[in-house]
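Listing of structure01.tsv; format and content: TSV, C-alpha atoms and all ligand atoms.
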```
chain	number	residue	atom	x	y	z
A	179	MET	CA	122.39	88.72	87.89
A	180	SER	CA	123.69	91.22	85.43
A	181	SER	CA	121.70	94.39	85.85
A	182	PRO	CA	118.68	94.57	83.52
A	183	LYS	CA	119.26	96.67	80.45
A	184	CYS	CA	116.86	99.44	79.60
A	185	MET	CA	115.99	98.86	75.97
A	186	GLN	CA	114.99	102.50	75.55
A	187	ALA	CA	116.03	105.87	76.87
A	188	ARG	CA	114.75	107.31	80.16
A	189	SER	CA	111.05	108.00	80.05
A	190	SER	CA	109.43	111.42	79.95
A	191	THR	CA	108.98	113.10	83.34
A	192	LYS	CA	105.87	115.20	82.61
A	193	GLY	CA	103.21	114.39	85.22
A	194	ASP	CA	105.53	111.72	86.53
A	195	PRO	CA	104.45	110.73	90.08
A	196	LEU	CA	108.03	109.66	90.76
A	197	LEU	CA	109.14	113.28	90.28
A	198	PRO	CA	106.78	115.30	92.54
A	199	PRO	CA	107.07	119.08	92.96
A	200	PRO	CA	109.75	120.02	95.52
A	201	PRO	CA	108.53	120.92	99.03
A	202	GLY	CA	108.12	124.57	100.02
A	203	ALA	CA	106.61	126.92	102.60
A	204	PRO	CA	102.88	126.57	103.33
A	205	TYR	CA	100.56	128.73	101.20
A	206	TYR	CA	96.87	129.27	100.60
A	207	ASP	CA	95.62	128.13	97.19
A	208	SER	CA	92.59	130.35	96.64
A	209	ALA	CA	91.53	128.54	93.47
A	210	MET	CA	91.39	125.27	95.40
A	211	ASP	CA	90.23	127.01	98.61
A	212	THR	CA	92.78	125.09	100.64
A	213	TRP	CA	96.07	125.45	102.52
A	214	VAL	CA	98.88	123.50	100.92
A	215	LEU	CA	101.58	121.91	103.12
A	216	SER	CA	104.50	120.11	101.50
A	217	ARG	CA	107.58	120.23	103.78
A	218	HIS	CA	108.18	116.98	105.62
A	219	ALA	CA	108.03	118.56	109.09
A	220	ASP	CA	104.76	120.38	108.29
A	221	VAL	CA	103.05	117.35	106.71
A	222	SER	CA	104.24	115.07	109.49
A	223	THR	CA	102.96	117.47	112.19
A	224	ALA	CA	99.61	117.88	110.42
A	225	LEU	CA	99.14	114.10	110.12
A	226	ARG	CA	99.65	113.78	113.90
A	227	GLU	CA	97.38	116.71	114.82
A	228	PRO	CA	94.12	115.36	116.33
A	229	ARG	CA	92.30	118.66	115.70
A	230	LEU	CA	92.64	118.09	111.95
A	231	ARG	CA	90.06	115.65	110.61
A	232	PRO	CA	90.49	113.47	107.53
A	233	THR	CA	88.24	114.61	104.72
A	234	GLY	CA	87.85	113.95	101.02
A	235	PRO	CA	89.50	116.23	98.45
A	236	ARG	CA	86.19	117.36	97.02
A	237	SER	CA	83.77	117.27	99.97
A	238	ASP	CA	81.82	120.32	101.09
A	239	LYS	CA	83.45	123.09	103.06
A	240	ARG	CA	82.45	121.47	106.37
A	241	SER	CA	83.13	117.77	106.67
A	242	HIS	CA	81.06	115.61	108.97
A	243	GLY	CA	83.91	113.14	109.25
A	244	GLU	CA	83.76	109.70	110.75
A	245	ASP	CA	82.92	109.31	114.43
A	246	PRO	CA	86.40	109.20	116.06
A	247	ILE	CA	85.29	106.46	118.48
A	248	ILE	CA	84.09	104.21	115.65
A	249	GLN	CA	87.25	105.04	113.65
A	250	ALA	CA	89.47	104.03	116.59
A	251	ARG	CA	87.53	100.78	117.09
A	252	VAL	CA	87.71	99.79	113.40
A	253	ARG	CA	91.41	100.65	113.41
A	254	ALA	CA	92.09	98.48	116.48
A	255	GLU	CA	90.08	95.58	115.01
A	256	THR	CA	91.89	95.86	111.67
A	257	LEU	CA	95.30	95.85	113.36
A	258	ALA	CA	94.28	92.80	115.45
A	259	ALA	CA	93.01	90.95	112.36
A	260	LEU	CA	96.33	91.62	110.60
A	261	SER	CA	98.51	90.38	113.47
A	262	PRO	CA	102.17	89.41	112.89
A	263	ALA	CA	101.14	85.72	113.29
A	264	LYS	CA	98.53	86.08	110.53
A	265	LEU	CA	100.99	87.86	108.25
A	266	SER	CA	103.65	85.20	108.63
A	267	ALA	CA	101.04	82.49	107.99
A	268	TRP	CA	100.04	84.26	104.73
A	269	GLN	CA	103.55	85.04	103.57
A	270	ALA	CA	104.40	81.61	102.08
A	271	GLU	CA	101.02	81.41	100.34
A	272	VAL	CA	101.44	84.89	98.86
A	273	ARG	CA	104.78	83.82	97.42
A	274	ARG	CA	103.30	80.59	96.04
A	275	LEU	CA	100.45	82.50	94.34
A	276	LEU	CA	102.88	84.93	92.69
A	277	CYS	CA	105.32	82.19	91.62
A	278	VAL	CA	102.47	80.25	89.95
A	279	LEU	CA	101.53	83.39	88.00
A	280	VAL	CA	105.06	84.31	86.95
A	281	ASP	CA	105.87	80.72	85.93
A	282	GLU	CA	102.99	80.81	83.46
A	283	LEU	CA	104.21	83.96	81.70
A	284	PRO	CA	105.97	83.73	78.32
A	285	ARG	CA	109.77	84.12	78.29
A	286	ASP	CA	110.24	84.85	74.60
A	287	ARG	CA	108.49	88.23	74.32
A	288	PRO	CA	108.02	91.35	76.47
A	289	VAL	CA	105.20	90.96	79.00
A	290	ASP	CA	103.31	93.73	80.75
A	291	ILE	CA	103.98	92.91	84.40
A	292	VAL	CA	101.36	95.39	85.61
A	293	HIS	CA	98.52	93.52	83.88
A	294	GLU	CA	100.02	90.06	83.88
A	295	LEU	CA	101.64	89.88	87.32
A	296	ALA	CA	100.86	92.76	89.70
A	297	GLU	CA	97.10	92.92	89.06
A	298	PRO	CA	96.24	89.19	89.10
A	299	GLY	CA	98.72	88.63	91.95
A	300	CYS	CA	97.14	91.34	94.09
A	301	LEU	CA	93.64	90.05	93.28
A	302	ALA	CA	94.73	86.61	94.53
A	303	ILE	CA	96.18	88.22	97.69
A	304	ALA	CA	92.88	90.08	98.25
A	305	VAL	CA	90.98	86.77	97.99
A	306	LEU	CA	93.40	85.06	100.39
A	307	VAL	CA	93.30	87.79	103.04
A	308	THR	CA	89.55	88.41	103.00
A	309	GLY	CA	88.61	84.72	102.69
A	310	ALA	CA	86.52	85.44	99.57
A	311	ASP	CA	85.37	82.60	97.30
A	312	PRO	CA	88.11	82.26	94.61
A	313	LEU	CA	85.37	81.50	92.05
A	314	LYS	CA	84.01	85.00	92.68
A	315	ALA	CA	87.41	86.69	92.37
A	316	GLN	CA	86.85	88.21	88.92
A	317	HIS	CA	83.45	89.61	89.79
A	318	LEU	CA	84.68	91.04	93.10
A	319	GLY	CA	87.71	92.46	91.26
A	320	ASP	CA	85.37	94.17	88.76
A	321	LEU	CA	83.39	95.70	91.63
A	322	ALA	CA	86.61	96.87	93.32
A	323	ARG	CA	87.79	98.47	90.06
A	324	LYS	CA	84.56	100.48	89.84
A	325	VAL	CA	84.87	101.61	93.47
A	326	SER	CA	88.49	102.59	92.96
A	327	ALA	CA	87.80	104.44	89.70
A	328	GLY	CA	84.85	106.30	91.26
A	329	THR	CA	82.70	105.66	88.19
A	330	SER	CA	78.96	106.38	88.22
A	331	ASP	CA	78.25	102.82	89.40
A	332	ALA	CA	80.85	102.98	92.23
A	333	LYS	CA	78.20	103.41	94.94
A	334	ALA	CA	76.29	100.30	93.86
A	335	ALA	CA	79.56	98.34	93.55
A	336	ASN	CA	80.58	99.43	97.05
A	337	ALA	CA	77.22	98.34	98.47
A	338	GLU	CA	77.52	94.94	96.78
A	339	LEU	CA	81.03	94.47	98.20
A	340	ALA	CA	79.84	95.47	101.69
A	341	GLN	CA	76.96	92.99	101.42
A	342	TYR	CA	79.25	90.20	100.21
A	343	PHE	CA	81.78	90.78	103.00
A	344	GLN	CA	79.35	91.40	105.86
A	345	ASN	CA	80.51	88.31	107.81
A	346	ALA	CA	84.17	88.39	106.71
A	347	PRO	CA	87.02	87.82	109.23
A	348	ILE	CA	88.58	91.26	108.72
A	349	PRO	CA	86.65	94.44	109.60
A	350	MET	CA	85.85	96.54	106.53
A	351	SER	CA	86.79	93.67	104.24
A	352	GLY	CA	85.16	95.49	101.30
A	353	PRO	CA	87.59	98.46	101.51
A	354	ALA	CA	90.44	96.03	102.31
A	355	PHE	CA	89.60	94.04	99.15
A	356	VAL	CA	89.63	97.28	97.12
A	357	ALA	CA	92.95	98.40	98.66
A	358	LEU	CA	94.61	95.04	98.05
A	359	SER	CA	93.28	94.39	94.55
A	360	GLN	CA	93.47	98.00	93.25
A	361	THR	CA	95.86	100.15	95.31
A	362	LEU	CA	98.57	97.57	95.98
A	363	PRO	CA	99.19	96.79	92.24
A	364	ARG	CA	99.46	100.53	91.62
A	365	PHE	CA	102.13	100.82	94.27
A	366	LEU	CA	103.94	97.81	92.79
A	367	ALA	CA	103.79	99.39	89.32
A	368	ASN	CA	105.48	102.56	90.61
A	369	ALA	CA	107.96	100.67	92.79
A	370	TRP	CA	108.96	98.35	89.94
A	371	LEU	CA	109.27	101.27	87.52
A	372	ALA	CA	111.56	103.00	90.03
A	373	LEU	CA	113.71	99.85	90.20
A	374	LEU	CA	113.79	99.48	86.41
A	375	ARG	CA	114.99	103.07	86.15
A	376	HIS	CA	117.76	102.27	88.65
A	377	PRO	CA	119.34	99.04	87.37
A	378	ALA	CA	122.20	99.19	89.90
A	379	GLU	CA	119.72	99.27	92.81
A	380	LEU	CA	117.75	96.43	91.21
A	381	ALA	CA	120.94	94.35	90.87
A	382	ARG	CA	121.77	95.11	94.52
A	383	LEU	CA	118.41	93.69	95.58
A	384	ASP	CA	118.93	90.66	93.38
A	385	THR	CA	122.21	89.80	95.09
A	386	ASP	CA	120.93	90.47	98.62
A	387	ALA	CA	117.30	89.53	99.30
A	388	ASN	CA	117.82	90.53	102.97
A	389	LEU	CA	117.69	94.09	101.73
A	390	LEU	CA	113.97	93.72	100.87
A	391	PRO	CA	112.40	95.18	104.05
A	392	LYS	CA	114.60	98.27	103.82
A	393	ALA	CA	114.02	98.47	100.08
A	394	ILE	CA	110.25	98.49	100.55
A	395	GLU	CA	110.50	101.43	102.99
A	396	GLU	CA	112.61	103.33	100.47
A	397	LEU	CA	110.17	102.46	97.66
A	398	LEU	CA	107.23	103.63	99.80
A	399	ARG	CA	109.13	106.91	100.22
A	400	TYR	CA	110.31	107.28	96.64
A	401	ALA	CA	107.45	105.70	94.69
A	402	GLY	CA	104.42	105.84	97.01
A	403	VAL	CA	101.12	105.84	95.21
A	404	ALA	CA	99.20	108.33	97.42
A	405	GLN	CA	100.38	111.78	96.33
A	406	LYS	CA	98.29	113.83	98.81
A	407	LEU	CA	95.73	113.71	101.63
A	408	SER	CA	93.11	116.21	102.77
A	409	ARG	CA	92.32	117.48	106.24
A	410	GLN	CA	89.91	119.99	107.76
A	411	ALA	CA	90.48	122.09	110.89
A	412	GLY	CA	88.00	121.17	113.64
A	413	VAL	CA	88.90	124.36	115.56
A	414	ASP	CA	91.10	127.42	114.96
A	415	ILE	CA	94.63	126.08	114.94
A	416	GLU	CA	98.24	127.24	114.53
A	417	LEU	CA	100.44	124.93	112.59
A	418	ALA	CA	103.56	125.20	110.43
A	419	GLY	CA	103.74	128.93	111.25
A	420	ILE	CA	100.26	129.70	109.92
A	421	ARG	CA	96.88	130.24	111.57
A	422	ILE	CA	94.14	128.06	110.12
A	423	PRO	CA	90.58	129.06	111.05
A	424	GLU	CA	88.05	126.38	111.98
A	425	GLY	CA	86.46	124.72	108.97
A	426	GLU	CA	89.30	125.51	106.54
A	427	ARG	CA	90.88	122.75	104.55
A	428	LEU	CA	94.45	121.59	104.13
A	429	ARG	CA	96.12	119.58	101.43
A	430	LEU	CA	99.06	117.50	102.65
A	431	MET	CA	101.48	116.76	99.82
A	432	LEU	CA	102.84	113.34	100.78
A	433	ALA	CA	105.02	112.77	97.72
A	434	SER	CA	106.68	116.20	98.04
A	435	ALA	CA	107.23	115.69	101.79
A	436	ASN	CA	108.92	112.38	100.99
A	437	ARG	CA	111.42	114.29	98.83
A	438	ASP	CA	112.31	116.89	101.46
A	439	PRO	CA	116.13	117.15	101.56
A	440	THR	CA	116.07	118.29	105.20
A	441	GLN	CA	114.64	114.88	106.11
A	442	PHE	CA	116.07	112.67	103.36
A	443	PRO	CA	119.48	113.76	102.01
A	444	GLU	CA	119.65	113.58	98.19
A	445	PRO	CA	115.91	112.86	98.17
A	446	ASN	CA	115.62	112.25	94.43
A	447	ARG	CA	118.12	109.41	94.58
A	448	LEU	CA	116.67	105.92	95.05
A	449	ASP	CA	118.92	104.29	97.65
A	450	LEU	CA	117.68	100.93	98.91
A	451	THR	CA	120.10	101.02	101.86
A	452	ARG	CA	118.81	104.41	103.05
A	453	ASN	CA	117.08	104.70	106.41
A	454	ALA	CA	113.72	105.88	105.04
A	455	ALA	CA	111.98	105.75	108.43
A	456	GLY	CA	109.64	108.67	108.89
A	457	HIS	CA	108.40	108.65	105.29
A	458	VAL	CA	104.71	109.43	104.91
A	459	GLY	CA	103.94	107.09	102.00
A	460	LEU	CA	101.31	105.35	104.13
A	461	GLY	CA	100.36	108.43	106.13
A	462	ALA	CA	101.48	108.83	109.77
A	463	GLY	CA	100.04	109.17	113.25
A	464	MET	CA	96.59	108.08	114.37
A	465	HIS	CA	95.22	107.69	110.84
A	466	SER	CA	98.24	106.00	109.29
A	467	CYS	CA	97.46	103.02	107.10
A	468	ALA	CA	96.02	100.24	109.27
A	469	GLY	CA	96.99	97.78	106.53
A	470	GLY	CA	100.61	98.98	106.56
A	471	ALA	CA	102.17	95.75	107.84
A	472	LEU	CA	100.19	93.73	105.29
A	473	VAL	CA	101.17	96.11	102.48
A	474	ARG	CA	104.84	95.80	103.48
A	475	MET	CA	104.70	91.99	103.61
A	476	ALA	CA	102.81	91.58	100.31
A	477	ALA	CA	104.87	94.22	98.48
A	478	GLY	CA	108.08	92.63	99.76
A	479	VAL	CA	107.12	89.15	98.57
A	480	ALA	CA	105.88	90.41	95.19
A	481	THR	CA	108.98	92.55	94.66
A	482	GLY	CA	111.19	89.58	95.54
A	483	VAL	CA	109.47	87.47	92.86
A	484	PHE	CA	109.75	90.36	90.37
A	485	VAL	CA	113.50	90.79	91.01
A	486	GLU	CA	114.19	87.05	90.70
A	487	ASN	CA	112.51	86.87	87.30
A	488	ILE	CA	113.40	90.09	85.50
A	489	ALA	CA	115.93	89.98	82.66
A	490	ALA	CA	115.49	93.27	80.79
A	491	ALA	CA	113.14	96.23	80.72
A	492	ASP	CA	111.41	97.93	77.82
A	493	ILE	CA	110.24	101.18	79.40
A	494	ARG	CA	107.85	102.91	77.02
A	495	ASN	CA	108.66	106.52	76.35
A	496	PRO	CA	106.71	108.38	77.58
A	497	VAL	CA	105.40	106.13	80.36
A	498	GLU	CA	101.64	105.90	80.19
A	499	TRP	CA	100.18	106.98	83.54
A	500	ARG	CA	96.77	106.30	84.99
A	501	GLY	CA	94.86	107.89	87.83
A	502	GLY	CA	94.42	111.55	88.73
A	503	SER	CA	96.83	113.83	90.50
A	504	GLY	CA	96.14	112.19	93.88
A	505	PHE	CA	96.69	108.58	92.96
A	506	ARG	CA	98.94	108.08	89.98
A	507	SER	CA	100.73	104.98	88.70
A	508	ALA	CA	102.34	103.45	85.62
A	509	ALA	CA	99.60	101.87	83.50
A	510	SER	CA	101.89	99.21	82.04
A	511	LEU	CA	105.51	98.03	82.27
A	512	TYR	CA	106.99	95.79	79.60
A	513	VAL	CA	109.86	93.50	80.57
A	514	LEU	CA	111.59	90.39	79.35
A	515	LEU	CA	111.63	87.58	81.89
A	516	ARG	CA	114.61	85.30	82.49
A	517	ARG	CA	114.53	82.02	80.61
A	601	LIG	C1	99.47	99.95	98.72
A	601	LIG	C2	98.30	99.91	99.34
A	601	LIG	C3	97.86	100.95	100.31
A	601	LIG	C4	98.19	102.27	100.36
A	601	LIG	C5	99.10	103.08	99.42
A	601	LIG	C6	97.50	102.83	101.51
A	601	LIG	C7	97.61	104.15	101.93
A	601	LIG	C8	96.99	104.67	103.03
A	601	LIG	C9	97.17	106.01	103.50
A	601	LIG	C10	98.06	107.07	102.85
A	601	LIG	C11	96.39	106.17	104.60
A	601	LIG	C12	96.25	107.42	105.46
A	601	LIG	C13	94.92	108.13	105.20
A	601	LIG	C14	94.81	109.42	106.00
A	601	LIG	O1	95.64	109.72	106.85
A	601	LIG	O2	93.85	110.17	105.72
A	601	LIG	C15	95.70	104.92	104.80
A	601	LIG	C16	94.79	104.69	105.82
A	601	LIG	C17	94.15	103.48	106.01
A	601	LIG	N1	94.40	102.29	105.35
A	601	LIG	FE1	95.66	102.04	103.80
A	601	LIG	N2	96.77	101.84	102.11
A	601	LIG	C18	96.97	100.67	101.42
A	601	LIG	C19	96.45	99.44	101.72
A	601	LIG	C20	95.60	99.17	102.76
A	601	LIG	C21	95.08	97.88	103.09
A	601	LIG	C22	95.43	96.59	102.35
A	601	LIG	C23	94.25	98.03	104.15
A	601	LIG	C24	93.43	97.01	104.93
A	601	LIG	C25	93.62	95.72	104.95
A	601	LIG	C26	94.25	99.43	104.50
A	601	LIG	C27	93.52	99.99	105.53
A	601	LIG	C28	93.58	101.32	105.88
A	601	LIG	C29	92.74	101.90	106.93
A	601	LIG	C30	91.67	101.18	107.76
A	601	LIG	C31	93.10	103.26	107.00
A	601	LIG	C32	92.50	104.33	107.91
A	601	LIG	C33	93.25	104.34	109.21
A	601	LIG	C34	92.62	105.28	110.22
A	601	LIG	O3	92.01	106.30	109.85
A	601	LIG	O4	92.79	104.97	111.39
A	601	LIG	N3	95.09	100.08	103.63
A	601	LIG	N4	96.10	104.01	103.85
```
Could I get this structure in the form of structure tokens?
Amino acid sequence: MSSPKCMQARSSTKGDPLLPPPPGAPYYDSAMDTWVLSRHADVSTALREPRLRPTGPRSDKRSHGEDPIIQARVRAETLAALSPAKLSAWQAEVRRLLCVLVDELPRDRPVDIVHELAEPGCLAIAVLVTGADPLKAQHLGDLARKVSAGTSDAKAANAELAQYFQNAPIPMSGPAFVALSQTLPRFLANAWLALLRHPAELARLDTDANLLPKAIEELLRYAGVAQKLSRQAGVDIELAGIRIPEGERLRLMLASANRDPTQFPEPNRLDLTRNAAGHVGLGAGMHSCAGGALVRMAAGVATGVFVENIAAADIRNPVEWRGGSGFRSAASLYVLLRR
């Protein structure tokens, strides 16, 4: 294909999750009452440190955390339920679902591929993977949106999802449904925006679909949706050249670590042929994303369908973002599809 033309100038970069702050030495943020780590080596070490427990960004000083034995069991069950055999069985169906959606979209006017392709496509993937009743998809999607947005009714929505999925084939199908229907389209929005801003890379992918697996790793590095994670020291610990007393909190800046030039030369350049191994877009170590292989498969198929159908982009200036500083993505992306 000829590379898609941007119909408007480059979008504004203010608050742009695709341009995170550069990494730097660890420091203590007294206003936030937390250590901040942003260099790739520091973040990567912290993610692999068993004496640091996952915690929420706003929880109390001392986190009670999840029982590590239960966490390890749920992780092992999730990985088993998302086996390579299962993923390859789903792959063709994921492509069919996305092709049906894209074929129904108009070709004579710009369409918002976040709302009209990524979101319904990911909802259909969530239904497929969790075995939910397709007739309940919209209602379950509404519940997932409330959980993801953390609105006042999020707790009730979460409980209803847990109740609905209590006998589902995948452990924690409620959270999996939320991740697939809400988080995955946000990643696709950022990944597709990154490609639209780099027409030469997009054209490269269009001429060589074999590049997709590598491209998805680079997009997880460059355009990952999780900007940061929180940890709490279970004991006094020395890490990244600092001493962190028991109970203190750390903020691990994933997006900044993914732009560390000591790990990724020319980090602000999207290069789909780059070896992006070691990125932390899906975490790393014993708590890394248990749905990682599924995310890679689904994002690869969806991005393939996107690339095959895109003709031109109409990137709004400035891009409208949604989500807070931890989880930020393009709210909409207008494109013209090929006729
Ligand atoms: C684009 C979509 C997704 C993104 C960006 C994402 C991102 C992440 C990240 C960054 C972590 C690390 C959390 C930490 O270290 O504190 C994580 C953990 C996890 N993710 Fe995902 N995830 C996605 C989709 C999914 C899906 C679809 C599933 C399940 C089917 C899933 C299941 C999990 C589980 C169970 C963990 C916790 C692993 C553990 O503590 O052992 N994720 N995810």
* Once you count all atoms listed in the file, which residues end up within 7 Å of ligand LIG 601 (chain A), and could you hand them over as a ChimeraX atom specification? -> /A:225,232,249-250,253,256,353-354,357-358,361-362,365,402-404,407-408,459-462,464-470,472-473
* Nearest candidate to A:Pro198 (options A:Ala471, A:Ala435, A:Ala477, A:Leu389; using all atoms listed in the file) -> A:Ala435
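With distances restricted to all atoms listed in the file, A:Pro347 is the closest residue to A:Leu306 from A:Pro347, A:Pro288, A:Pro445, A:Gly202.
Interatomic distance, atom CA of A:Leu448 to atom CA of A:Val289: 24.8 Å.
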* Pull the neighbourhood of (112.2, 101.2, 104.4) for me: all residues within 7 Å in file coordinates, counting only C-alpha atoms, as a PyMOL selection string. => chain A and resi 391-396+453-455
Residues as selected, C-alpha atoms, written as a PDB file, in the coordinates of the input, can you do that?
```pdb
ATOM      1  CA  PRO A 391     112.400  95.180 104.050  1.00  0.00           C
ATOM      2  CA  LYS A 392     114.600  98.270 103.820  1.00  0.00           C
ATOM      3  CA  ALA A 393     114.020  98.470 100.080  1.00  0.00           C
ATOM      4  CA  ILE A 394     110.250  98.490 100.550  1.00  0.00           C
ATOM      5  CA  GLU A 395     110.500 101.430 102.990  1.00  0.00           C
ATOM      6  CA  GLU A 396     112.610 103.330 100.470  1.00  0.00           C
ATOM      7  CA  ASN A 453     117.080 104.700 106.410  1.00  0.00           C
ATOM      8  CA  ALA A 454     113.720 105.880 105.040  1.00  0.00           C
ATOM      9  CA  ALA A 455     111.980 105.750 108.430  1.00  0.00           C
TER      10      ALA A 455
END
```
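Residue nearest A:Ile415, chosen from A:Arg229, A:Leu196, A:Val485, A:Leu215 and counting only C-alpha atoms: A:Arg229.
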